[in-house]
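**Q** I have a structure here, written as structure tokens, and I will follow up with some questions on it.
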Amino acid sequence: MSREIIFYENHFIEFYQLQDEKVKEKIKYVLELIKQVEKVPEKFLKHLTGTKGLYEIRIEYQSNIYRIFCCFDKGRLVVLLNSFQKKTQNTPKNELEKALILMNEYFQQKNI
């Protein structure tokens, strides 16, 4: 079992490049886990309630929490959308809205 991970535009890449090496290593570890493990623990990948097909990849490093929005395409593809460092319990509404817009754009462009 192996999932291919693709990036939609460069939202995730830009976020990733700003992180320090230890955070990058943790992100790579979690992405590798998502690629390889059939049933990924919710600690690392969780469907966002009330959204149609939007998931968040959850990364914790030291006392920092990072979130990467993604969705599946044909069951295997994880499309990485926007990412952010979480500062509060709640997911910032603007980040969630941005992820939904990006997900819709991705599927619209694909169907052209």
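Ligands are numbered from 1 in the order shown, residues from 1 within each chain, and chains are lettered A, B, ... in the order they appear in the structure tokens.
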Need to verify the contact set: Glu56 of chain A, 9 Å, only C-alpha atoms, exclusion of same-chain residues closer than 6 positions in sequence. Can you return it as number ranges by chain?

**A** A: 44-48, 67-71

**Q** For Phe84 of chain A, please output as an mmCIF file with N, CA, C and O atoms, in the first residue's frame all residues within 10 Å (counting only C-alpha atoms; exclusion window: fewer than 5 positions along the same chain).

**A**
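Okay, part-v5.cif is ready:
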```
data_model
loop_
_atom_site.group_PDB
_atom_site.id
_atom_site.type_symbol
_atom_site.label_atom_id
_atom_site.label_comp_id
_atom_site.auth_asym_id
_atom_site.auth_seq_id
_atom_site.Cartn_x
_atom_site.Cartn_y
_atom_site.Cartn_z
ATOM 1 N N PHE A 12 1.780 24.754 0.286
ATOM 2 C CA PHE A 12 2.468 23.929 1.282
ATOM 3 C C PHE A 12 3.977 24.131 1.207
ATOM 4 O O PHE A 12 4.641 24.267 2.232
ATOM 5 N N PHE A 15 5.174 27.212 2.977
ATOM 6 C CA PHE A 15 5.093 27.031 4.424
ATOM 7 C C PHE A 15 6.265 26.154 4.898
ATOM 8 O O PHE A 15 6.957 26.489 5.860
ATOM 9 N N TYR A 16 6.477 25.063 4.209
ATOM 10 C CA TYR A 16 7.519 24.088 4.572
ATOM 11 C C TYR A 16 8.906 24.735 4.581
ATOM 12 O O TYR A 16 9.690 24.531 5.498
ATOM 13 N N ILE A 65 2.163 23.230 17.356
ATOM 14 C CA ILE A 65 1.218 22.407 16.611
ATOM 15 C C ILE A 65 1.115 22.967 15.200
ATOM 16 O O ILE A 65 0.922 24.178 15.017
ATOM 17 N N TYR A 66 1.252 22.091 14.215
ATOM 18 C CA TYR A 66 1.167 22.492 12.816
ATOM 19 C C TYR A 66 0.034 21.720 12.159
ATOM 20 O O TYR A 66 -0.217 20.566 12.505
ATOM 21 N N ARG A 67 -0.625 22.359 11.200
ATOM 22 C CA ARG A 67 -1.708 21.716 10.471
ATOM 23 C C ARG A 67 -1.483 21.914 8.978
ATOM 24 O O ARG A 67 -1.105 23.005 8.534
ATOM 25 N N ILE A 68 -1.716 20.837 8.232
ATOM 26 C CA ILE A 68 -1.622 20.883 6.778
ATOM 27 C C ILE A 68 -2.947 20.355 6.248
ATOM 28 O O ILE A 68 -3.319 19.222 6.546
ATOM 29 N N PHE A 69 -3.658 21.163 5.497
ATOM 30 C CA PHE A 69 -4.933 20.709 4.944
ATOM 31 C C PHE A 69 -4.690 19.871 3.697
ATOM 32 O O PHE A 69 -3.779 20.162 2.915
ATOM 33 N N THR A 91 -9.305 25.793 14.990
ATOM 34 C CA THR A 91 -8.680 26.031 13.698
ATOM 35 C C THR A 91 -9.150 27.400 13.207
ATOM 36 O O THR A 91 -10.351 27.659 13.188
ATOM 37 N N PRO A 92 -8.194 28.280 12.829
ATOM 38 C CA PRO A 92 -8.607 29.609 12.363
ATOM 39 C C PRO A 92 -9.556 29.500 11.166
ATOM 40 O O PRO A 92 -9.280 28.773 10.219
ATOM 41 N N GLU A 95 -8.168 30.103 7.640
ATOM 42 C CA GLU A 95 -7.352 29.008 7.099
ATOM 43 C C GLU A 95 -8.245 27.889 6.572
ATOM 44 O O GLU A 95 -7.975 27.305 5.523
#
```

**Q** Just to confirm, what's the straight-line distance from atom CA of Lys24 of chain A to atom CA of Gly50 of chain A in Å (one decimal)?

**A**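 Taking atom CA of Lys24 of chain A and atom CA of Gly50 of chain A, their separation equals 29.5 Å.
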
**Q** Could you pull out the helix (DSSP H, G or I) residues of segment 27-96 of chain A, going by DSSP on the backbone, and write them as a PyMOL selection string?

**A** chain A and resi 27-36+93-96

**Q** Find the residues around Glu38 of chain A up to 12 Å (only C-alpha atoms counted), leave out those fewer than 5 positions away in its own chain, and share them as a short mmCIF file (atom, residue, chain, number, x, y, z; two decimals) with C-alpha atoms, in the first residue's frame.

**A**
```cif
data_model
loop_
_atom_site.label_atom_id
_atom_site.label_comp_id
_atom_site.auth_asym_id
_atom_site.auth_seq_id
_atom_site.Cartn_x
_atom_site.Cartn_y
_atom_site.Cartn_z
CA MET A 1 0.00 0.00 0.00
CA SER A 2 1.42 3.31 -1.00
CA ARG A 3 -0.18 6.72 -1.46
CA GLU A 32 5.98 9.22 4.94
CA LEU A 33 3.66 7.55 7.46
CA LEU A 45 -4.63 12.54 9.89
CA GLY A 75 -8.51 7.33 -2.88
CA ARG A 76 -4.75 7.36 -3.20
#
```

**Q** Would you list the contacts of Phe107 of chain A as a compact mmCIF listing (two decimals) with N, CA and C atoms, in the first residue's frame, taking every protein, DNA or RNA residue within 12 Å and counting only C-alpha atoms, but skipping same-chain residues closer than 2 positions in sequence?

**A**
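selection.txt written:
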```txt
# COMPACT_ATOMS: atom_id res chain seq x y z
N TYR A 8 -0.78 20.91 -4.36
CA TYR A 8 -1.56 21.82 -5.20
C TYR A 8 -0.94 23.20 -5.12
N GLY A 53 -14.91 16.16 2.53
CA GLY A 53 -13.65 15.64 2.01
C GLY A 53 -12.38 16.35 2.43
N CYS A 71 -6.75 16.67 0.91
CA CYS A 71 -7.93 15.90 0.53
C CYS A 71 -7.46 14.72 -0.30
N PHE A 72 -8.33 13.78 -0.48
CA PHE A 72 -7.98 12.61 -1.28
C PHE A 72 -8.55 12.78 -2.68
N ASP A 73 -7.83 12.23 -3.63
CA ASP A 73 -8.29 12.24 -5.01
C ASP A 73 -8.14 10.81 -5.52
N LYS A 74 -9.23 10.19 -5.87
CA LYS A 74 -9.24 8.79 -6.31
C LYS A 74 -8.68 7.86 -5.24
N VAL A 79 -3.67 15.58 -1.63
CA VAL A 79 -3.35 16.87 -2.22
C VAL A 79 -3.09 17.83 -1.07
N LEU A 100 -10.79 25.10 1.83
CA LEU A 100 -11.97 24.68 1.08
C LEU A 100 -11.96 25.28 -0.33
N ILE A 101 -11.57 26.55 -0.43
CA ILE A 101 -11.48 27.21 -1.74
C ILE A 101 -10.42 26.51 -2.60
N LEU A 102 -9.26 26.23 -2.02
CA LEU A 102 -8.18 25.57 -2.77
C LEU A 102 -8.60 24.17 -3.22
N MET A 103 -9.29 23.45 -2.36
CA MET A 103 -9.74 22.11 -2.71
C MET A 103 -10.72 22.17 -3.89
N ASN A 104 -11.65 23.12 -3.84
CA ASN A 104 -12.61 23.28 -4.93
C ASN A 104 -11.91 23.67 -6.23
N GLU A 105 -10.93 24.58 -6.14
CA GLU A 105 -10.15 24.99 -7.32
C GLU A 105 -9.45 23.78 -7.93
N GLN A 109 -10.13 22.58 -11.75
CA GLN A 109 -9.07 22.61 -12.77
C GLN A 109 -8.85 21.23 -13.36
N LYS A 110 -8.97 20.22 -12.51
CA LYS A 110 -8.78 18.85 -12.96
C LYS A 110 -9.83 18.41 -13.97
N ASN A 111 -11.02 18.92 -13.80
CA ASN A 111 -12.13 18.51 -14.67
C ASN A 111 -12.27 19.33 -15.94
N ILE A 112 -11.37 20.26 -16.14
CA ILE A 112 -11.44 21.11 -17.35
C ILE A 112 -10.98 20.30 -18.55
```

**Q** In chain A, what's strand (DSSP E) per DSSP? Answer as number ranges by chain?

**A** A: 5-7, 45-47, 55-61, 64-73, 77-86

**Q** Mind pulling up the distance from atom CA of Leu54 of chain A to atom CA of Leu77 of chain A?

**A**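 Here the two named atoms are 12.9 Å from each other.
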
**Q** In Å, rounded to a single decimal, give me how far atom CA of Gln108 of chain A is from atom CA of Gln17 of chain A.

**A**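 Distance between the two atoms: 27.4 Å.
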